[in-house]
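I have placed the structure first, in the form of structure tokens, so that the comments after it can refer back to it.
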Amino acid sequence: MSDRRNGDQPPRRERAAPVGYTPPGHAPPPARPRLRPDLELTDAGAIQRGTHPGDRYVRLVARHDVRARLRRDEALTARELEPPKTSAGRAWRVVKRALIGRPLASSQAIHERLTRVKALAVLSSDALSSVAYGPEAALAVLVLAGPAATRLDLPIIVAIAALLAIVTVSYRQTIFAYPSGGGSYIVASDNLGELPGLTAAAALLIDYVLTVAVSVSAGVLALTSALPALSPYLVPLGLLCILLIMLGNLRGIRESGTIFAAPTYLFIGSILLVVAVGLVRAFVLRDTAATGVRPAFDPRAYGPPEALGAFLLLKAFASGCSAMTGVEAISNGVPALKPPESRNGATTMLWMSGILGAMLLGVTALSHQYGLLPYPSGNPTVLSQLTEQIVGRGWFHPFYYVVQAATLLVLVLAANTSYADFPRLASILARDRFVPRQFAFRGDHLAFTVGIVALSVCAAILLAAFKGDTSALIPLYAVGVFVSFTMSQSGMVARWWRQRGPGWRAKAAVNGVGAVATALVALIAGATKLISGEPLFRAFGHNVHAGSWIVIVLIPLLIALFLAIHRHYARAAQELAAETPVDPDAIRHTVIVPIAALNRVALQTLAYARSIAPAVTAVHVDEDPAAIAALREAWRRRAERAPFLRDVRLVTIESPYRELTGPLLAYIDELDRRDPADTLTVVLPEFVPAHWWEQLLHNQTALRLKAALLFRPGTVVTSVPYHLERGQARGTAGVAPRAGAER
């Protein structure tokens with residue numbers, strides 16, 4: 001196909017064949033011309049397409065001489081850079097490649113579309129894994145009133161299962177209303193405004209950090225429950241898990257449903273099998289081993305006893321609600337599902353809710369039947385005790401270790417879910433200018449590098465501060481989770497009220513019930529901690545507990561930070577003005593070159609400055625009048641051999657107080673006041689040592705001047721670097737002269 005414009009025949013284009021493919025009867029295509037190792041030449045109209053697996057990527061490449069292309073506008077495509085020249089750079093490149101692999105091109109950002117079966121594994125691992133710590137969190141509160149009080153855990157979990165059903169029905173409507181992904185921040189911002197949206201965003205970011213810390217600590221407890229010898233290493237093992245997950249995400253791992261499905265379904269199958277066998281043994285066979293009650297622990301080991309009452313029950317209910325974390329993940333990930341996305345997402349939501357409810361009720365019923373109590377240290381876990389009670393433990397009972405391994409894997413997978421959600425939410429906030437723009441940057445492997453590292457650092461600090469104790473982290477969980485739930489459901493109510501489409505009253509009622517229910521839980525979780533007056537750190541044994549009021553304080557602090565960042569960006573956009581004229585013909589240069597002596601370096605810098613502007617001023621600052629007089633005499637003699645110096649004005653400034661930067665800036669200010677329409681350019685000769693440590697041997701005058709001029713509006717700073725001679729003669733500006741030449 002050809003196209004004629006103004007009588008010119010465009011260069012012939014052909015579609016690039018797949019790598020390694022040569023059409024029959026044709027010679028292999030010639031190699032693509034290259035300008036530099038890190039650039040390749042392509043047409044300005046080159047196209048790359050493909051958003052789903054199977055799409056072909058096409059690049060149109062012109063066939064003509066490279067030199068001819070350089071005489072016209074050209075489009076360049078950056079190639080992967082060649083190895084660095086320095087040994088330190090090469091070493092860092094090797095380490096970086098070993099840790100996070102080779103860089104990925106933007107065209108490789110292909111995501112797998114998930115079926116319902118795979119979506120259940122990928123998007124529900126966070127919610128389903130909460131079975132490992134949710135029921136135990138409620139028991140840990142009830143045991144403060146004595147072992148008998150723990151028998152109230154079953155009614156509490158039934159209430160939580162009912163709340164789960166309400167939230168599930170509410171979020172199904174969100175899935176249909178937002179098929180492009182209905183995260184709490186998007187829904188609240190879209191329907192309630194900026195402040196509710198930021199409230200949801202702050203709660204979600206805190207929730208994602210807690211998800212990593214809680215999931216990793218619970219996974220390590222599952223490991224140490226099976227291998228007690230590792231118990232002293234809870235924190236190092238947890239930090240190692242966070243490091244490995246971070247490195248995996250920096251490498252750009254993808255949400256592969258096939259890979260991620262295995263641990264999730266192994267966990268579901270093993271827990272349901274334990275529940276089924278336990279129910280048969282306890283309620284059908286009624287054998288003594290199945291109905292035996294474990295000996296009671298000393299209540300004093302759990303801390304100061306509390307009276308059993310409404311307040312303690314509400315506190316246990318709020319802690320047990322940590323089992324509902326991650327329920328909204330399917331609503332956020334609807335675009336990742338196969339069409340019809342909304343219907344598949346809603347169905348997956350029902351599956352997840354049903355499986356989670358069954359596992360919660362089954363584990364709690366059996367723990368209730370066996371009279372299991374949580375250990376003060378949290379190790380072994382209640383789930384480990386239950387599995388040991390039902391299937392046994394030891395070399396002749398390998399299924400126990402299967403359950404513990406599945407629990408560890410699904411909890412690590414749940415932590416990895418936050419590594420997809422936290423950086424993505426942070427990038428959306430960066431797009432809206434509520435967090436630094438660095439969070440929107442994709443690294444070498446198409447991952448939001450800054451978000452991943454920030455999440456890892458925060459989770460690691462939290463894990464270390466609470467000594468890897470899951471029971472100490474759980475109280476922080478409920479507030480953030482249910483605040484985001486409330487913002488999302490309230491936003492849906494406002495949406496139905498504003499649109500008033502068919503059946504809007506029923507839809508608003510469903511989301512309204514969800515909003516009220518989740519708001520009550522958030523209030524309960526916050527009020528129980530505030531009323532109890534629980535301090536920031538309260539120690540019993542080696543455990544550390546903290547109140548959820550920390551989250552209540554963090555949310556408004558984060559909102560204030562978001563607004564401050566947004567105001568900065570808004571003010572910068574409004575105040576941003578061209579400090580130099582945008583018309584090249586309107587620019588009048590006034591060039592200043594600070595010099596220390598009239599040597600080869602100064603001459604090179606002055607020659608460069610004279611080449612870009614007719615008005616050049618050399619400025620010399622010195623404390624010694626004799627040295628100033630000597631420089632003026634040397635300047636007069638040198639001008640006889642270098643005629644361009646006759647067009648350069650020499651200004652000397654005596655500095656009796658031995659200051660360099662102050663007098664120079666005062667002189668620049670005076671020039672600016674005299675000719676405000678001129679563009680001031682300061683050309684600095686800058687010494688570049690051969691090794692980094694040689695920087696310590698020099699006074700870094702140019703660096704200090706650049707730092708002082710950086711915040712001066714309307715001043716352009718240009719550096720002319722010069723290097724030590726490295727074995728070959730170089731005579732261009734910015735490079736040291738040959739050995740023995742006059743300096």
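Residue numbers start at 1 in each chain; chains themselves are named A, B, ... in the order of the structure tokens; ligands are numbered from 1 in the order shown.
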
Mind the document's chain letters and residue numbers, and return as an NGL selection string the residues of segment 257-373 of chain A that DSSP labels helix (DSSP H, G or I).
:A and (257-285 or 288-291 or 299-302 or 310-324 or 329-332 or 334-336 or 341-370)

What are the nearest atom pairs, with distances in Å to one decimal, for all residues of segment 440-501 of chain A that come at most 8 Å from segment 215-225 of chain A, using only C-alpha atoms, set out by chain and rising residue number as CSV?
```
residue,atom,partner,partner_atom,distance
A:Leu463,CA,A:Ser217,CA,7.3
A:Gly468,CA,A:Ser217,CA,5.2
A:Asp469,CA,A:Ser217,CA,6.6
A:Thr470,CA,A:Ser217,CA,5.7
```

Practice item. Write out as a VMD selection string which residues come within 7 Å of Val619 of chain A when counting only C-alpha atoms, dropping same-chain ones fewer than 2 positions away. Key: chain A and resid 592 to 595 617 621 650 to 652

List the neighbours of Thr325 of chain A out to 7 Å using only C-alpha atoms; skip same-chain residues closer than 2 positions along the sequence, and give me the result as a list in words.
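My list of contacting residues is Asp126, Ala127, Ser322, Ala323, Val327 and Val481 of chain A.
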
Fill in: Distance of atom CA of Gln404 of chain A from atom CA of Ser384 of chain A, expressed in Å to one decimal place
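Interatomic distance, atom CA of Ser384 of chain A to atom CA of Gln404 of chain A: 7.2 Å.
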
Computed gap from atom CA of Phe311 of chain A to atom CA of Thr150 of chain A is 14.8 Å

_Shell of 12 Å around Val435 of chain A, only C-alpha atoms, local chain residues under 2 positions omitted, as a ChimeraX atom specification_ = /A:198,201-202,205,423,425-433,437-440,450-451,558-569

Determine, counting only C-alpha atoms, which protein, DNA and RNA residues have an atom within 12 Å of an atom of Ala618 of chain A; residues of the same chain fewer than 5 positions away are not included. Present the result as a ChimeraX atom specification.
/A:590-598,602-603,605-607,609-610,631-632,635,645-653,664,667-668,681-685

Print the selection's residues with N, CA, C and O atoms to a file, as a compact mmCIF listing (two decimals), in the first residue's frame.
```
# COMPACT_ATOMS: atom_id res chain seq x y z
N THR A 590 23.23 37.30 29.34
CA THR A 590 24.31 37.86 30.14
C THR A 590 25.00 36.68 30.82
O THR A 590 24.42 36.03 31.70
N VAL A 591 26.21 36.38 30.38
CA VAL A 591 26.90 35.17 30.83
C VAL A 591 28.00 35.56 31.81
O VAL A 591 28.80 36.47 31.54
N ILE A 592 28.04 34.85 32.94
CA ILE A 592 29.03 35.08 34.00
C ILE A 592 29.82 33.79 34.19
O ILE A 592 29.23 32.71 34.31
N VAL A 593 31.15 33.94 34.23
CA VAL A 593 32.02 32.78 34.43
C VAL A 593 32.90 33.05 35.65
O VAL A 593 33.82 33.88 35.59
N PRO A 594 32.62 32.40 36.79
CA PRO A 594 33.53 32.53 37.95
C PRO A 594 34.84 31.79 37.67
O PRO A 594 34.83 30.64 37.21
N ILE A 595 35.96 32.44 37.89
CA ILE A 595 37.26 31.80 37.66
C ILE A 595 38.10 31.95 38.92
O ILE A 595 38.03 32.96 39.63
N ALA A 596 38.92 30.94 39.20
CA ALA A 596 39.83 30.98 40.35
C ALA A 596 41.21 31.46 39.93
O ALA A 596 41.94 32.05 40.73
N ALA A 597 41.60 31.18 38.67
CA ALA A 597 42.89 31.60 38.15
C ALA A 597 42.79 31.59 36.63
O ALA A 597 41.86 31.01 36.06
N LEU A 598 43.76 32.19 35.97
CA LEU A 598 43.75 32.23 34.50
C LEU A 598 44.57 31.04 33.99
O LEU A 598 45.71 31.18 33.53
N ALA A 602 40.17 27.67 32.97
CA ALA A 602 39.42 28.91 32.85
C ALA A 602 39.29 29.34 31.39
O ALA A 602 38.22 29.79 30.95
N LEU A 603 40.37 29.18 30.62
CA LEU A 603 40.30 29.55 29.21
C LEU A 603 39.31 28.69 28.46
O LEU A 603 38.57 29.17 27.60
N THR A 605 36.66 27.25 29.67
CA THR A 605 35.31 27.63 30.08
C THR A 605 34.91 28.97 29.46
O THR A 605 33.78 29.15 29.00
N LEU A 606 35.84 29.95 29.42
CA LEU A 606 35.54 31.24 28.83
C LEU A 606 35.31 31.12 27.33
O LEU A 606 34.43 31.79 26.76
N ALA A 607 36.08 30.24 26.67
CA ALA A 607 35.86 30.04 25.24
C ALA A 607 34.48 29.44 24.97
O ALA A 607 33.79 29.84 24.02
N ALA A 609 31.83 29.80 26.92
CA ALA A 609 30.83 30.83 27.20
C ALA A 609 30.77 31.85 26.07
O ALA A 609 29.68 32.30 25.68
N ARG A 610 31.94 32.21 25.52
CA ARG A 610 31.94 33.20 24.43
C ARG A 610 31.28 32.64 23.18
O ARG A 610 30.74 33.39 22.36
N LEU A 631 46.40 38.80 38.78
CA LEU A 631 45.48 38.21 37.82
C LEU A 631 45.17 39.19 36.69
O LEU A 631 45.12 38.82 35.52
N ARG A 632 44.99 40.46 37.02
CA ARG A 632 44.71 41.46 35.98
C ARG A 632 45.89 41.58 35.00
O ARG A 632 45.69 41.69 33.78
N TRP A 635 45.90 38.55 32.81
CA TRP A 635 44.80 38.66 31.84
C TRP A 635 45.24 39.55 30.66
O TRP A 635 44.97 39.22 29.49
N LEU A 645 39.59 37.00 24.45
CA LEU A 645 39.53 37.58 25.79
C LEU A 645 39.29 39.09 25.76
O LEU A 645 38.85 39.67 26.75
N ARG A 646 39.59 39.72 24.60
CA ARG A 646 39.36 41.15 24.51
C ARG A 646 37.87 41.48 24.55
O ARG A 646 37.49 42.61 24.88
N ASP A 647 37.04 40.49 24.16
CA ASP A 647 35.59 40.69 24.19
C ASP A 647 34.97 40.24 25.51
O ASP A 647 33.75 40.24 25.65
N VAL A 648 35.79 39.77 26.44
CA VAL A 648 35.30 39.29 27.74
C VAL A 648 35.66 40.32 28.80
O VAL A 648 36.83 40.73 28.91
N ARG A 649 34.68 40.73 29.58
CA ARG A 649 34.92 41.71 30.64
C ARG A 649 35.39 41.00 31.90
O ARG A 649 34.80 40.00 32.31
N LEU A 650 36.45 41.50 32.51
CA LEU A 650 36.97 40.92 33.75
C LEU A 650 36.53 41.79 34.92
O LEU A 650 36.78 42.99 34.94
N VAL A 651 35.87 41.16 35.88
CA VAL A 651 35.44 41.84 37.10
C VAL A 651 36.10 41.13 38.27
O VAL A 651 35.98 39.90 38.41
N THR A 652 36.81 41.88 39.10
CA THR A 652 37.43 41.31 40.29
C THR A 652 36.74 41.87 41.53
O THR A 652 36.41 43.06 41.58
N ILE A 653 36.52 41.00 42.51
CA ILE A 653 35.84 41.39 43.74
C ILE A 653 36.75 41.04 44.92
O ILE A 653 37.14 39.87 45.09
N LEU A 664 29.76 36.81 45.21
CA LEU A 664 29.36 36.46 43.85
C LEU A 664 27.86 36.62 43.66
O LEU A 664 27.39 37.17 42.66
N TYR A 667 26.90 40.24 43.45
CA TYR A 667 27.18 40.80 42.13
C TYR A 667 26.11 40.38 41.11
O TYR A 667 25.67 41.20 40.29
N ILE A 668 25.69 39.11 41.17
CA ILE A 668 24.65 38.64 40.25
C ILE A 668 23.34 39.38 40.50
O ILE A 668 22.63 39.77 39.56
N THR A 681 23.10 33.65 32.77
CA THR A 681 23.62 32.29 32.69
C THR A 681 24.98 32.26 33.38
O THR A 681 25.88 33.03 33.02
N VAL A 682 25.11 31.41 34.38
CA VAL A 682 26.37 31.24 35.10
C VAL A 682 27.01 29.96 34.61
O VAL A 682 26.44 28.87 34.75
N VAL A 683 28.19 30.08 33.99
CA VAL A 683 28.91 28.93 33.47
C VAL A 683 30.01 28.58 34.46
O VAL A 683 30.92 29.39 34.72
N LEU A 684 29.93 27.37 35.02
CA LEU A 684 30.84 26.97 36.09
C LEU A 684 31.82 25.92 35.58
O LEU A 684 31.42 24.86 35.10
N PRO A 685 33.13 26.18 35.68
CA PRO A 685 34.08 25.09 35.47
C PRO A 685 34.04 24.13 36.67
O PRO A 685 34.12 24.56 37.82
```

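Compared by their closest atoms to Ser319 of chain A, and using only C-alpha atoms, the residues A:Val720, A:Val521, A:Ala627, A:Met246 rank with A:Val521 nearest.
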
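For the residues A:Gly238, A:Pro713, A:Pro625, A:Pro376, ranking by smallest atom-to-atom distance to Ile461 of chain A using only C-alpha atoms places A:Gly238 first.
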